[in-house]
Structures are given as C-alpha cells and as structure tokens.
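Dumped structure.cif below, it's mmCIF, C-alpha atoms:
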data_data
loop_
_atom_site.group_PDB
_atom_site.id
_atom_site.type_symbol
_atom_site.label_atom_id
_atom_site.label_comp_id
_atom_site.auth_asym_id
_atom_site.auth_seq_id
_atom_site.Cartn_x
_atom_site.Cartn_y
_atom_site.Cartn_z
ATOM 1 C CA MET X 1 13.416 116.036 120.950
ATOM 2 C CA ASN X 2 14.118 112.389 121.327
ATOM 3 C CA VAL X 3 13.414 110.796 124.741
ATOM 4 C CA SER X 4 14.753 107.371 125.365
ATOM 5 C CA PRO X 5 12.795 104.743 127.305
ATOM 6 C CA ARG X 6 15.689 104.536 129.703
ATOM 7 C CA SER X 7 15.423 108.241 130.669
ATOM 8 C CA ILE X 8 11.644 107.848 131.230
ATOM 9 C CA PHE X 9 12.345 104.886 133.501
ATOM 10 C CA CYS X 10 14.946 106.890 135.484
ATOM 11 C CA ALA X 11 12.539 109.829 135.836
ATOM 12 C CA LEU X 12 9.852 107.488 137.179
ATOM 13 C CA LEU X 13 12.298 105.984 139.676
ATOM 14 C CA LEU X 14 13.174 109.469 140.914
ATOM 15 C CA ALA X 15 9.473 110.448 141.173
ATOM 16 C CA LEU X 16 8.472 107.404 143.252
ATOM 17 C CA PRO X 17 9.849 108.718 146.568
ATOM 18 C CA ALA X 18 8.028 112.029 146.004
ATOM 19 C CA LEU X 19 4.771 110.198 145.280
ATOM 20 C CA GLY X 20 5.269 108.044 148.369
ATOM 21 C CA THR X 21 5.731 111.155 150.486
ATOM 22 C CA LEU X 22 2.571 112.751 149.092
ATOM 23 C CA SER X 23 0.477 109.668 149.693
ATOM 24 C CA SER X 24 1.591 109.490 153.318
ATOM 25 C CA CYS X 25 0.300 113.008 154.055
ATOM 26 C CA GLU X 26 -2.705 113.169 156.324
ATOM 27 C CA THR X 27 -5.925 113.800 154.510
ATOM 28 C CA THR X 28 -8.641 114.665 156.991
ATOM 29 C CA LYS X 29 -12.130 115.316 155.910
ATOM 30 C CA ARG X 30 -13.683 118.300 157.627
ATOM 31 C CA GLY X 31 -17.390 117.888 158.069
ATOM 32 C CA PHE X 32 -19.735 115.933 160.249
ATOM 33 C CA PRO X 33 -18.213 114.168 163.243
ATOM 34 C CA GLU X 34 -18.253 110.423 163.087
ATOM 35 C CA MET X 35 -20.989 108.779 165.081
ATOM 36 C CA SER X 36 -20.968 105.223 166.192
ATOM 37 C CA SER X 37 -23.965 103.141 165.372
ATOM 38 C CA PRO X 38 -26.215 102.099 168.249
ATOM 39 C CA THR X 39 -25.441 98.760 169.761
ATOM 40 C CA ASN X 40 -27.605 96.200 171.450
ATOM 41 C CA ASP X 41 -25.232 96.070 174.414
ATOM 42 C CA PRO X 42 -27.321 96.266 177.644
ATOM 43 C CA GLU X 43 -24.529 98.190 179.413
ATOM 44 C CA ASP X 44 -24.647 100.930 176.742
ATOM 45 C CA ALA X 45 -28.435 101.115 177.028
ATOM 46 C CA ALA X 46 -28.208 101.472 180.814
ATOM 47 C CA ALA X 47 -25.622 104.252 180.520
ATOM 48 C CA ARG X 48 -27.770 106.035 177.923
ATOM 49 C CA ARG X 49 -30.832 105.864 180.213
ATOM 50 C CA LYS X 50 -28.808 107.373 183.075
ATOM 51 C CA ARG X 51 -27.879 110.349 180.874
ATOM 52 C CA GLU X 52 -31.454 110.929 179.722
ATOM 53 C CA ALA X 53 -33.514 113.449 181.644
ATOM 54 C CA THR X 54 -36.290 112.118 183.806
ATOM 55 C CA SER X 55 -39.329 114.079 184.945
ATOM 56 C CA THR X 56 -41.317 113.592 188.126
ATOM 57 C CA GLN X 57 -44.717 115.162 188.763
ATOM 58 C CA LEU X 58 -44.686 117.020 192.082
ATOM 59 C CA ALA X 59 -47.877 119.076 192.070
ATOM 60 C CA ARG X 60 -50.589 120.682 189.983
ATOM 61 C CA ILE X 61 -52.139 124.116 189.880
ATOM 62 C CA ASN X 62 -55.848 124.125 190.749
ATOM 63 C CA GLU X 63 -57.628 127.497 190.632
ATOM 64 C CA GLY X 64 -54.345 129.308 191.205
ATOM 65 C CA LYS X 65 -53.294 127.214 194.206
ATOM 66 C CA VAL X 66 -50.563 124.582 194.371
ATOM 67 C CA GLU X 67 -51.807 121.085 195.243
ATOM 68 C CA TYR X 68 -48.926 118.820 196.215
ATOM 69 C CA ILE X 69 -48.967 115.307 194.780
ATOM 70 C CA MET X 70 -45.698 114.322 196.423
ATOM 71 C CA PRO X 71 -45.643 114.644 200.231
ATOM 72 C CA ARG X 72 -43.500 117.500 201.536
ATOM 73 C CA ALA X 73 -41.647 115.135 203.880
ATOM 74 C CA GLN X 74 -40.504 113.166 200.826
ATOM 75 C CA LEU X 75 -39.389 116.413 199.166
ATOM 76 C CA ALA X 76 -37.389 117.361 202.292
ATOM 77 C CA THR X 77 -35.675 113.954 202.303
ATOM 78 C CA ALA X 78 -34.799 114.354 198.615
ATOM 79 C CA PHE X 79 -33.290 117.807 199.283
ATOM 80 C CA ILE X 80 -31.201 116.432 202.170
ATOM 81 C CA ARG X 81 -29.852 113.739 199.822
ATOM 82 C CA GLU X 82 -29.192 116.340 197.114
ATOM 83 C CA PHE X 83 -27.275 118.689 199.453
ATOM 84 C CA ASN X 84 -25.268 115.665 200.640
ATOM 85 C CA ASP X 85 -23.232 117.767 203.088
ATOM 86 C CA GLY X 86 -25.107 117.560 206.384
ATOM 87 C CA THR X 87 -27.706 120.228 205.564
ATOM 88 C CA VAL X 88 -30.974 119.495 207.369
ATOM 89 C CA VAL X 89 -33.942 120.657 205.280
ATOM 90 C CA ASP X 90 -36.995 121.440 207.369
ATOM 91 C CA LYS X 91 -39.103 123.452 204.927
ATOM 92 C CA THR X 92 -40.094 122.811 201.319
ATOM 93 C CA MET X 93 -42.393 124.795 199.060
ATOM 94 C CA ILE X 94 -43.288 125.488 195.468
ATOM 95 C CA ARG X 95 -42.982 129.213 194.814
ATOM 96 C CA LYS X 96 -44.609 131.058 191.939
ATOM 97 C CA VAL X 97 -42.555 133.880 190.382
ATOM 98 C CA GLN X 98 -44.252 136.300 188.007
ATOM 99 C CA GLU X 99 -42.713 139.713 187.336
ATOM 100 C CA SER X 100 -45.843 141.182 185.765
ATOM 101 C CA ALA X 101 -49.395 140.026 185.106
ATOM 102 C CA LYS X 102 -48.690 139.573 181.390
ATOM 103 C CA ASP X 103 -45.646 137.343 182.017
ATOM 104 C CA LYS X 104 -46.000 133.585 182.121
ATOM 105 C CA PRO X 105 -45.350 132.458 185.725
ATOM 106 C CA VAL X 106 -42.399 130.235 186.580
ATOM 107 C CA TYR X 107 -42.619 127.822 189.501
ATOM 108 C CA TYR X 108 -39.627 126.839 191.633
ATOM 109 C CA LEU X 109 -39.264 123.941 194.039
ATOM 110 C CA VAL X 110 -37.456 125.333 197.095
ATOM 111 C CA GLY X 111 -35.905 123.540 200.052
ATOM 112 C CA MET X 112 -34.606 125.470 203.091
ATOM 113 C CA GLY X 113 -32.650 124.407 206.131
ATOM 114 C CA LEU X 114 -29.451 124.709 208.167
ATOM 115 C CA ARG X 115 -25.931 123.333 208.098
ATOM 116 C CA ASP X 116 -23.729 124.055 211.102
ATOM 117 C CA GLY X 117 -26.088 126.884 212.090
ATOM 118 C CA MET X 118 -25.828 128.568 208.675
ATOM 119 C CA PHE X 119 -28.871 129.082 206.440
ATOM 120 C CA ARG X 120 -28.961 126.978 203.246
ATOM 121 C CA SER X 121 -31.463 126.943 200.409
ATOM 122 C CA MET X 122 -31.853 125.273 197.035
ATOM 123 C CA ALA X 123 -34.251 126.224 194.240
ATOM 124 C CA ILE X 124 -34.998 124.268 191.068
ATOM 125 C CA PRO X 125 -37.271 125.546 188.255
ATOM 126 C CA LEU X 126 -40.238 123.322 187.430
ATOM 127 C CA ILE X 127 -41.857 122.546 184.095
ATOM 128 C CA THR X 128 -45.516 123.531 183.755
ATOM 129 C CA SER X 129 -47.528 121.261 181.445
ATOM 130 C CA THR X 130 -50.618 122.265 179.481
ATOM 131 C CA ASP X 131 -52.846 120.596 182.090
ATOM 132 C CA GLN X 132 -51.240 122.768 184.829
ATOM 133 C CA SER X 133 -49.176 119.918 186.294
ATOM 134 C CA LEU X 134 -45.747 120.808 187.716
ATOM 135 C CA TYR X 135 -42.826 118.520 186.867
ATOM 136 C CA LEU X 136 -39.229 118.419 188.074
ATOM 137 C CA SER X 137 -36.750 117.528 185.324
ATOM 138 C CA SER X 138 -33.411 115.951 186.243
ATOM 139 C CA ASN X 139 -31.640 118.226 183.757
ATOM 140 C CA ALA X 140 -33.056 121.407 185.353
ATOM 141 C CA GLU X 141 -30.417 123.591 186.932
ATOM 142 C CA ARG X 142 -30.286 124.012 190.697
ATOM 143 C CA TYR X 143 -29.471 127.190 192.563
ATOM 144 C CA VAL X 144 -27.816 126.697 195.965
ATOM 145 C CA ILE X 145 -27.452 129.461 198.562
ATOM 146 C CA THR X 146 -25.130 129.334 201.565
ATOM 147 C CA SER X 147 -25.256 132.167 204.093
ATOM 148 C CA VAL X 148 -22.122 133.634 205.610
ATOM 149 C CA GLY X 149 -23.238 135.427 208.776
ATOM 150 C CA CYS X 150 -26.701 136.063 207.373
ATOM 151 C CA SER X 151 -29.713 134.726 209.262
ATOM 152 C CA PHE X 152 -31.844 134.367 206.111
ATOM 153 C CA CYS X 153 -31.086 134.620 202.382
ATOM 154 C CA TYR X 154 -33.505 135.375 199.554
ATOM 155 C CA PHE X 155 -33.223 134.608 195.855
ATOM 156 C CA SER X 156 -33.438 137.712 193.669
ATOM 157 C CA PHE X 157 -35.209 137.522 190.318
ATOM 158 C CA GLU X 158 -35.220 139.303 186.995
ATOM 159 C CA LYS X 159 -37.759 138.352 184.315
ATOM 160 C CA ASN X 160 -38.821 135.317 186.404
ATOM 161 C CA GLN X 161 -35.257 133.929 186.464
ATOM 162 C CA ILE X 162 -32.984 133.674 189.502
ATOM 163 C CA THR X 163 -30.175 136.193 189.072
ATOM 164 C CA GLY X 164 -28.649 136.494 192.550
ATOM 165 C CA THR X 165 -29.247 136.637 196.302
ATOM 166 C CA THR X 166 -30.098 139.117 199.030
ATOM 167 C CA CYS X 167 -29.150 138.907 202.711
ATOM 168 C CA GLY X 168 -32.158 139.343 205.004
ATOM 169 C CA ASP X 169 -30.477 141.335 207.781
ATOM 170 C CA ASN X 170 -27.989 143.497 205.803
ATOM 171 C CA SER X 171 -25.509 143.604 208.683
ATOM 172 C CA GLY X 172 -21.897 144.413 207.829
ATOM 173 C CA GLY X 173 -19.873 141.495 206.541
ATOM 174 C CA SER X 174 -22.893 139.228 206.019
ATOM 175 C CA ARG X 175 -23.544 137.768 202.600
ATOM 176 C CA CYS X 176 -25.240 134.970 200.714
ATOM 177 C CA ASP X 177 -23.141 132.919 198.296
ATOM 178 C CA MET X 178 -24.897 131.255 195.352
ATOM 179 C CA VAL X 179 -23.716 128.363 193.189
ATOM 180 C CA VAL X 180 -25.553 127.223 190.043
ATOM 181 C CA GLU X 181 -25.303 123.557 189.009
ATOM 182 C CA ASN X 182 -26.432 122.293 185.580
ATOM 183 C CA SER X 183 -28.554 119.375 186.785
ATOM 184 C CA ASN X 184 -30.053 117.737 189.845
ATOM 185 C CA ASN X 185 -30.529 114.234 191.192
ATOM 186 C CA LEU X 186 -33.577 114.763 193.407
ATOM 187 C CA PHE X 187 -35.609 111.970 191.827
ATOM 188 C CA ARG X 188 -33.322 110.538 189.130
ATOM 189 C CA ARG X 189 -33.668 106.799 188.680
ATOM 190 C CA GLN X 190 -30.623 104.840 189.788
#
Here is a file; write its structure as structure tokens.
Amino acid sequence: MNVSPRSIFCALLLALPALGTLSSCETTKRGFPEMSSPTNDPEDAAARRKREATSTQLARINEGKVEYIMPRAQLATAFIREFNDGTVVDKTMIRKVQESAKDKPVYYLVGMGLRDGMFRSMAIPLITSTDQSLYLSSNAERYVITSVGCSFCYFSFEKNQITGTTCGDNSGGSRCDMVVENSNNLFRRQ
C-alpha cells in the first residue's frame, strides 16, 4: 500500500479539529482541595483570630466545691448580652452533672431569667482542665430554653449531656422550647 504525502497532510488537516475539541475538554483533578497560602495581610489575621475559639476561666473546683473566679454579676451581664432580646438574667450558677459515680462529671454554666414574664434559661458546657479549672470556650454550644405557659423549665440529661427539657408545673398546654446553637459569644474578644 502506497500512501502519498498529500493524503497524510489531508488526514492531519481533518484530525486537527478533533484534536482541538479534545484539548478543550475540562480536565479536573479530583483530590485535595486547593488551599491558599497564608498572607501577611493584617485584615486576614484579624478575621482568622475572630474565627478561632477563645477560652475564659470562670471558676475552679476546690474539694468538690465550685469557687467562682469571675463575679456572678459579670456572668449575668454577659448572659443578658448573649440573649440580646430583652431577657433579664437574675441568677447564674455552675451546675455539675454526673449520671453515675463512675462517670466523669460535666459542668454547665447556667443563666436564668425572664423575658416578658416568661421563664428563659441558657446552659453552656464548660471545659475542665487537669488542675480542676473550669473554662468557657467560645465554640461551645449553647442550649436556650423559652417557656410557653410554664413557670419554670428544667434541662433534662442523658449521659451528662443535655437532651431536652421538662416543664416544672406540668399543666395542660404548657411547654418548654429548646434551641441549640453551635457557639456562644459570652466572652469572645471583639
């Protein structure tokens, strides 16, 4: 079989559009997402610091009792700011929850008060350090209760974790609504 140079040239001319079409196809690489390199931009650093979790020491455990480092009045003011809806917090406490003696206890910072005559409460789990200090982390979830016709609401627990609510007076039509948020701003740096 004899192939002339002219027929090879014509075949190449016909193949060029096909090769052009193939090269224009998208070729995506599936793997690790692209990450931008850190910059020295002060605005980026400030935004990164805002996203980072901050911890504030609130108390310590001394012989089984909670010793407050931060004044309770300051805690109440922080809860009022965190509710940010007119709720007046008049009671704060750190509550120990331990389902059984062999379980590690979990401590919750709790603020209670009223909004428009309705009971409100917020609980945030604390971090216990090895030296028995109790810290509040800004990325700790917060549990918020609002009563609907209930004079007092309680958090209900399972395995030291908040799982729901209970109405204190159990009258018909009364309930406690709970919302869980992923973070808190009680003492986050601005």
Name the closest residue to Pro105 in chain X among the candidates X:Val89, X:Val148, X:Ile61, X:Met118; distances are taken between atoms, counting only C-alpha atoms. X:Ile61
Suppose you want the space between CA of Thr54 in chain X and CA of Lys159 in chain X; what is it in Å?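 Computed distance, CA of Thr54 in chain X to CA of Lys159 in chain X, equals 26.3 Å.
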Check the smallest atom-to-atom distance from each of X:Cys167, X:Ile80, X:Val106, X:Leu58 to Met122 in chain X using all atoms listed in the file, then report the winner.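 Among X:Cys167, X:Ile80, X:Val106, X:Leu58, it is X:Ile80 that comes nearest to Met122 in chain X.
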Among listed residues X:Val179, X:Ile145, X:Ala123, X:Val97, nearest Asn160 in chain X (using only C-alpha atoms):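 With only C-alpha atoms as the atom set, the closest residue is X:Val97.
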To test your reading of the syntax: which residues would the PyMOL selection byres ((chain X and resi 70) around 10) return for the file shown? Reply as a PyMOL selection string. chain X and resi 56-59+67-69+71-75
Under the PyMOL selection byres ((chain X and resi 98) around 10), which residues of this model are included? Write them out as a ChimeraX atom specification. /X:95-97,99-107,157-161
What is the distance between CA of Gly111 in chain X and CA of Tyr154 in chain X, in Å to one decimal?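 Calculated distance between CA of Gly111 in chain X and CA of Tyr154 in chain X is 12.1 Å.
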Evaluate the PyMOL selection byres ((chain X and resi 138-141) around 6) here and jot the selected residues down as a PyMOL selection string. chain X and resi 53-54+137+142+181-185
Can you pull out the residues contacting Asn170 in chain X? Cut-off 12 Å, using only C-alpha atoms, and skip same-chain residues under 6 positions away; I want them as a list in words.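 Residues near the query, excluding close chain neighbours: Ser147, Val148, Gly149, Cys150, Ser151, Phe152, Cys153, Tyr154 and Cys176 of chain X.
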Residues of the last selection are to be written out with C-alpha atoms, as a PDB file, keeping the file's coordinate frame.
ATOM      1  CA  SER X 147     -25.256 132.167 204.093  1.00  0.00           C
ATOM      2  CA  VAL X 148     -22.122 133.634 205.610  1.00  0.00           C
ATOM      3  CA  GLY X 149     -23.238 135.427 208.776  1.00  0.00           C
ATOM      4  CA  CYS X 150     -26.701 136.063 207.373  1.00  0.00           C
ATOM      5  CA  SER X 151     -29.713 134.726 209.262  1.00  0.00           C
ATOM      6  CA  PHE X 152     -31.844 134.367 206.111  1.00  0.00           C
ATOM      7  CA  CYS X 153     -31.086 134.620 202.382  1.00  0.00           C
ATOM      8  CA  TYR X 154     -33.505 135.375 199.554  1.00  0.00           C
ATOM      9  CA  CYS X 176     -25.240 134.970 200.714  1.00  0.00           C
TER      10      CYS X 176
END
Measuring atom to atom with only C-alpha atoms, identify which of X:Asn62, X:Asn84, X:Ser121, X:Thr77 is nearest to Met178 in chain X.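 Among X:Asn62, X:Asn84, X:Ser121, X:Thr77, it is X:Ser121 that comes nearest to Met178 in chain X.
Distance annotation: of X:Val66, X:Leu186, X:Leu114, X:Ile94, the residue with the minimal separation from Thr146 in chain X is X:Leu114; atom set is all atoms listed in the file.
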What does the distance between CA of Arg60 in chain X and CA of Met112 in chain X come to in Å, to one decimal place?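 Between CA of Arg60 in chain X and CA of Met112 in chain X the gap works out to 21.2 Å.
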Nearest to Gly64 in chain X: which of X:Ser133, X:Ser156, X:Arg81, X:Gly173 is it, counting all atoms listed in the file?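 Of X:Ser133, X:Ser156, X:Arg81, X:Gly173, the one nearest Gly64 in chain X is X:Ser133, counting all atoms listed in the file.
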